[in-house]
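query_3.pdb, holding PDB, C-alpha atoms:
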```pdb
ATOM      1  CA  MET A   1       8.915   1.805 -17.266  1.00  0.00           C
ATOM      2  CA  GLU A   2       8.756  -1.365 -19.299  1.00  0.00           C
ATOM      3  CA  LYS A   3       5.548  -2.213 -21.146  1.00  0.00           C
ATOM      4  CA  ILE A   4       3.473  -4.924 -19.475  1.00  0.00           C
ATOM      5  CA  SER A   5       2.368  -7.423 -22.077  1.00  0.00           C
ATOM      6  CA  THR A   6       1.469 -10.597 -20.175  1.00  0.00           C
ATOM      7  CA  ARG A   7      -0.753 -11.508 -17.272  1.00  0.00           C
ATOM      8  CA  GLN A   8       2.262 -12.741 -15.300  1.00  0.00           C
ATOM      9  CA  GLN A   9       4.062  -9.425 -15.803  1.00  0.00           C
ATOM     10  CA  LEU A  10       0.963  -7.595 -14.556  1.00  0.00           C
ATOM     11  CA  ILE A  11       0.754  -9.836 -11.488  1.00  0.00           C
ATOM     12  CA  GLU A  12       4.439  -9.263 -10.726  1.00  0.00           C
ATOM     13  CA  GLN A  13       4.020  -5.504 -11.077  1.00  0.00           C
ATOM     14  CA  LEU A  14       0.996  -5.602  -8.758  1.00  0.00           C
ATOM     15  CA  LYS A  15       3.021  -7.609  -6.222  1.00  0.00           C
ATOM     16  CA  ASP A  16       5.827  -5.048  -6.403  1.00  0.00           C
ATOM     17  CA  THR A  17       3.331  -2.237  -5.878  1.00  0.00           C
ATOM     18  CA  LEU A  18       1.785  -4.172  -2.983  1.00  0.00           C
ATOM     19  CA  ALA A  19       5.187  -4.429  -1.305  1.00  0.00           C
ATOM     20  CA  VAL A  20       5.635  -0.661  -1.583  1.00  0.00           C
ATOM     21  CA  GLU A  21       2.161  -0.016  -0.161  1.00  0.00           C
ATOM     22  CA  ILE A  22       2.784  -2.371   2.764  1.00  0.00           C
ATOM     23  CA  GLY A  23       6.088  -0.645   3.487  1.00  0.00           C
ATOM     24  CA  ALA A  24       4.402   2.748   3.415  1.00  0.00           C
ATOM     25  CA  ARG A  25       1.604   1.583   5.717  1.00  0.00           C
ATOM     26  CA  ASP A  26       4.108   0.165   8.194  1.00  0.00           C
ATOM     27  CA  SER A  27       6.013   3.456   8.175  1.00  0.00           C
ATOM     28  CA  TYR A  28       2.820   5.365   8.884  1.00  0.00           C
ATOM     29  CA  GLU A  29       2.088   3.040  11.803  1.00  0.00           C
ATOM     30  CA  GLN A  30       5.531   3.837  13.227  1.00  0.00           C
ATOM     31  CA  ASP A  31       4.945   7.553  12.667  1.00  0.00           C
ATOM     32  CA  THR A  32       1.794   7.476  14.794  1.00  0.00           C
ATOM     33  CA  LEU A  33       3.968   6.269  17.671  1.00  0.00           C
ATOM     34  CA  THR A  34       6.657   8.875  17.021  1.00  0.00           C
ATOM     35  CA  PHE A  35       4.556  12.015  16.842  1.00  0.00           C
ATOM     36  CA  LYS A  36       2.564  13.365  19.762  1.00  0.00           C
ATOM     37  CA  ASN A  37       0.746  16.254  18.047  1.00  0.00           C
ATOM     38  CA  PHE A  38      -2.904  15.208  17.659  1.00  0.00           C
ATOM     39  CA  GLU A  39      -3.341  16.898  14.278  1.00  0.00           C
ATOM     40  CA  ILE A  40      -0.285  15.177  12.825  1.00  0.00           C
ATOM     41  CA  VAL A  41      -1.239  11.788  14.256  1.00  0.00           C
ATOM     42  CA  ASP A  42      -4.829  12.153  13.017  1.00  0.00           C
ATOM     43  CA  THR A  43      -3.625  13.002   9.505  1.00  0.00           C
ATOM     44  CA  ILE A  44      -1.190  10.076   9.497  1.00  0.00           C
ATOM     45  CA  LYS A  45      -3.975   7.723  10.606  1.00  0.00           C
ATOM     46  CA  LYS A  46      -6.135   8.881   7.681  1.00  0.00           C
ATOM     47  CA  ILE A  47      -3.271   8.259   5.266  1.00  0.00           C
ATOM     48  CA  LYS A  48      -2.673   4.820   6.813  1.00  0.00           C
ATOM     49  CA  THR A  49      -6.356   4.005   6.293  1.00  0.00           C
ATOM     50  CA  ASP A  50      -5.959   4.886   2.617  1.00  0.00           C
ATOM     51  CA  GLU A  51      -2.913   2.630   2.415  1.00  0.00           C
ATOM     52  CA  ASP A  52      -4.967  -0.204   3.933  1.00  0.00           C
ATOM     53  CA  LYS A  53      -7.544   0.303   1.166  1.00  0.00           C
ATOM     54  CA  HIS A  54      -4.842   0.292  -1.517  1.00  0.00           C
ATOM     55  CA  ILE A  55      -3.442  -2.944  -0.084  1.00  0.00           C
ATOM     56  CA  ALA A  56      -6.875  -4.588  -0.091  1.00  0.00           C
ATOM     57  CA  ILE A  57      -7.464  -3.566  -3.715  1.00  0.00           C
ATOM     58  CA  LEU A  58      -4.067  -4.861  -4.823  1.00  0.00           C
ATOM     59  CA  GLU A  59      -4.555  -8.152  -2.988  1.00  0.00           C
ATOM     60  CA  SER A  60      -7.959  -8.572  -4.645  1.00  0.00           C
ATOM     61  CA  LEU A  61      -6.520  -7.864  -8.082  1.00  0.00           C
ATOM     62  CA  ILE A  62      -3.695 -10.344  -7.540  1.00  0.00           C
ATOM     63  CA  ARG A  63      -6.182 -13.029  -6.428  1.00  0.00           C
ATOM     64  CA  LEU A  64      -8.434 -12.281  -9.376  1.00  0.00           C
ATOM     65  CA  LEU A  65      -5.600 -12.534 -11.897  1.00  0.00           C
ATOM     66  CA  GLY A  66      -3.798 -15.406 -10.182  1.00  0.00           C
TER      67      GLY A  66
END
```

Would you encode the structure as structure tokens?
Amino acid sequence: MEKISTRQQLIEQLKDTLAVEIGARDSYEQDTLTFKNFEIVDTIKKIKTDEDKHIAILESLIRLLG
């Protein structure tokens, strides 16, 4: 990984990470529709909730730095 040395590079890296987190969250949402086992669905929902928190943190950091 390349060293981040400017604010703009940090913002771009955060945006890239945000895109990954959003993709993961969307996949988890699809998984809750795919699986029928309650234990699996419940676990996926907990993971999706964590992804929502990660997304909120990243969005806040981007706003703060932007």

Practice prompt. Could you give me, as a PyMOL selection string, the residues within 10 Å of Leu61 (chain A), counting all atoms listed in the file and dropping anything in the same chain fewer than 3 positions from it?
Written response: chain A and resi 10-11+14-15+55-58+64-66

Discussion item. Running the PyMOL selection byres ((chain A and resi 19-26) around 9) on this model by hand, what would come out? Give it as a ChimeraX atom specification.
Written reply: /A:14-18,27-31,47-52,54-55

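Among the candidates A:Glu2, A:Glu12, A:Thr32, A:Arg7, the residue lying nearest to Glu59 (chain A) is A:Glu12 (atoms considered: all atoms listed in the file).
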
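We find CA of Arg63 (chain A) and CA of Ile4 (chain A) to be spaced 18.1 Å apart.
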
Worksheet item: In Å to one decimal, how far is CA of Glu39 (chain A) from CA of Lys53 (chain A)?
Response: 21.6 Å

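CA of Gln13 (chain A) is found 26.6 Å from CA of Lys45 (chain A).
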
Save region 29-65 of chain A of the structure in the block above to a file, with N, CA and C atoms included, as an mmCIF file, in the first residue's frame.
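Below is the file that was written, decode-v2.cif:
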```cif
data_model
loop_
_atom_site.group_PDB
_atom_site.id
_atom_site.type_symbol
_atom_site.label_atom_id
_atom_site.label_comp_id
_atom_site.auth_asym_id
_atom_site.auth_seq_id
_atom_site.Cartn_x
_atom_site.Cartn_y
_atom_site.Cartn_z
ATOM 1 N N GLU A 29 -27.429 -7.512 2.511
ATOM 2 C CA GLU A 29 -28.875 -7.338 2.352
ATOM 3 C C GLU A 29 -29.438 -8.406 1.421
ATOM 4 N N GLN A 30 -28.730 -8.683 0.330
ATOM 5 C CA GLN A 30 -29.160 -9.734 -0.597
ATOM 6 C C GLN A 30 -29.135 -11.100 0.078
ATOM 7 N N ASP A 31 -28.105 -11.331 0.900
ATOM 8 C CA ASP A 31 -27.983 -12.619 1.584
ATOM 9 C C ASP A 31 -29.157 -12.875 2.524
ATOM 10 N N THR A 32 -29.681 -11.825 3.148
ATOM 11 C CA THR A 32 -30.813 -12.034 4.055
ATOM 12 C C THR A 32 -32.048 -12.496 3.288
ATOM 13 N N LEU A 33 -32.112 -12.176 2.005
ATOM 14 C CA LEU A 33 -33.224 -12.639 1.177
ATOM 15 C C LEU A 33 -32.981 -14.048 0.658
ATOM 16 N N THR A 34 -31.721 -14.420 0.530
ATOM 17 C CA THR A 34 -31.359 -15.724 -0.025
ATOM 18 C C THR A 34 -31.526 -16.847 0.985
ATOM 19 N N PHE A 35 -31.044 -16.609 2.199
ATOM 20 C CA PHE A 35 -31.055 -17.659 3.210
ATOM 21 C C PHE A 35 -32.368 -17.662 3.976
ATOM 22 N N LYS A 36 -32.782 -18.845 4.380
ATOM 23 C CA LYS A 36 -34.027 -18.995 5.133
ATOM 24 C C LYS A 36 -33.781 -19.416 6.582
ATOM 25 N N ASN A 37 -32.591 -19.913 6.878
ATOM 26 C CA ASN A 37 -32.256 -20.351 8.234
ATOM 27 C C ASN A 37 -32.183 -19.132 9.140
ATOM 28 N N PHE A 38 -32.968 -19.129 10.214
ATOM 29 C CA PHE A 38 -33.055 -17.972 11.110
ATOM 30 C C PHE A 38 -31.699 -17.592 11.687
ATOM 31 N N GLU A 39 -30.921 -18.572 12.094
ATOM 32 C CA GLU A 39 -29.619 -18.279 12.714
ATOM 33 C C GLU A 39 -28.678 -17.597 11.724
ATOM 34 N N ILE A 40 -28.689 -18.061 10.494
ATOM 35 C CA ILE A 40 -27.834 -17.451 9.467
ATOM 36 C C ILE A 40 -28.305 -16.035 9.176
ATOM 37 N N VAL A 41 -29.601 -15.872 8.985
ATOM 38 C CA VAL A 41 -30.157 -14.550 8.673
ATOM 39 C C VAL A 41 -29.896 -13.578 9.824
ATOM 40 N N ASP A 42 -30.072 -14.032 11.053
ATOM 41 C CA ASP A 42 -29.835 -13.178 12.218
ATOM 42 C C ASP A 42 -28.374 -12.733 12.279
ATOM 43 N N THR A 43 -27.460 -13.635 12.012
ATOM 44 C CA THR A 43 -26.034 -13.309 12.017
ATOM 45 C C THR A 43 -25.711 -12.317 10.905
ATOM 46 N N ILE A 44 -26.262 -12.543 9.728
ATOM 47 C CA ILE A 44 -26.030 -11.627 8.603
ATOM 48 C C ILE A 44 -26.577 -10.246 8.927
ATOM 49 N N LYS A 45 -27.734 -10.174 9.567
ATOM 50 C CA LYS A 45 -28.297 -8.868 9.932
ATOM 51 C C LYS A 45 -27.395 -8.122 10.914
ATOM 52 N N LYS A 46 -26.779 -8.843 11.841
ATOM 53 C CA LYS A 46 -25.848 -8.210 12.782
ATOM 54 C C LYS A 46 -24.630 -7.674 12.052
ATOM 55 N N ILE A 47 -24.124 -8.435 11.095
ATOM 56 C CA ILE A 47 -22.970 -7.989 10.315
ATOM 57 C C ILE A 47 -23.349 -6.773 9.488
ATOM 58 N N LYS A 48 -24.547 -6.795 8.890
ATOM 59 C CA LYS A 48 -25.014 -5.649 8.095
ATOM 60 C C LYS A 48 -25.115 -4.397 8.954
ATOM 61 N N THR A 49 -25.566 -4.563 10.192
ATOM 62 C CA THR A 49 -25.647 -3.421 11.117
ATOM 63 C C THR A 49 -24.261 -2.845 11.375
ATOM 64 N N ASP A 50 -23.272 -3.708 11.519
ATOM 65 C CA ASP A 50 -21.892 -3.235 11.677
ATOM 66 C C ASP A 50 -21.432 -2.483 10.435
ATOM 67 N N GLU A 51 -21.771 -2.989 9.271
ATOM 68 C CA GLU A 51 -21.404 -2.308 8.027
ATOM 69 C C GLU A 51 -22.051 -0.921 7.964
ATOM 70 N N ASP A 52 -23.303 -0.823 8.402
ATOM 71 C CA ASP A 52 -23.973 0.482 8.439
ATOM 72 C C ASP A 52 -23.212 1.461 9.333
ATOM 73 N N LYS A 53 -22.707 0.970 10.458
ATOM 74 C CA LYS A 53 -21.919 1.818 11.364
ATOM 75 C C LYS A 53 -20.616 2.244 10.713
ATOM 76 N N HIS A 54 -19.954 1.307 10.029
ATOM 77 C CA HIS A 54 -18.699 1.642 9.339
ATOM 78 C C HIS A 54 -18.945 2.720 8.284
ATOM 79 N N ILE A 55 -20.037 2.575 7.548
ATOM 80 C CA ILE A 55 -20.386 3.542 6.505
ATOM 81 C C ILE A 55 -20.620 4.919 7.117
ATOM 82 N N ALA A 56 -21.344 4.972 8.216
ATOM 83 C CA ALA A 56 -21.616 6.254 8.877
ATOM 84 C C ALA A 56 -20.318 6.911 9.354
ATOM 85 N N ILE A 57 -19.420 6.123 9.902
ATOM 86 C CA ILE A 57 -18.133 6.664 10.370
ATOM 87 C C ILE A 57 -17.333 7.209 9.199
ATOM 88 N N LEU A 58 -17.257 6.436 8.122
ATOM 89 C CA LEU A 58 -16.495 6.887 6.948
ATOM 90 C C LEU A 58 -17.090 8.153 6.348
ATOM 91 N N GLU A 59 -18.414 8.208 6.251
ATOM 92 C CA GLU A 59 -19.058 9.409 5.720
ATOM 93 C C GLU A 59 -18.767 10.615 6.603
ATOM 94 N N SER A 60 -18.769 10.431 7.897
ATOM 95 C CA SER A 60 -18.463 11.530 8.827
ATOM 96 C C SER A 60 -17.031 11.993 8.667
ATOM 97 N N LEU A 61 -16.107 11.053 8.537
ATOM 98 C CA LEU A 61 -14.702 11.413 8.347
ATOM 99 C C LEU A 61 -14.502 12.173 7.039
ATOM 100 N N ILE A 62 -15.150 11.717 5.987
ATOM 101 C CA ILE A 62 -15.020 12.394 4.691
ATOM 102 C C ILE A 62 -15.561 13.814 4.782
ATOM 103 N N ARG A 63 -16.728 13.984 5.433
ATOM 104 C CA ARG A 63 -17.285 15.335 5.612
ATOM 105 C C ARG A 63 -16.351 16.209 6.427
ATOM 106 N N LEU A 64 -15.809 15.649 7.501
ATOM 107 C CA LEU A 64 -14.926 16.393 8.375
ATOM 108 C C LEU A 64 -13.668 16.866 7.644
ATOM 109 N N LEU A 65 -13.114 16.005 6.812
ATOM 110 C CA LEU A 65 -11.877 16.333 6.106
ATOM 111 C C LEU A 65 -12.126 17.154 4.839
#
```
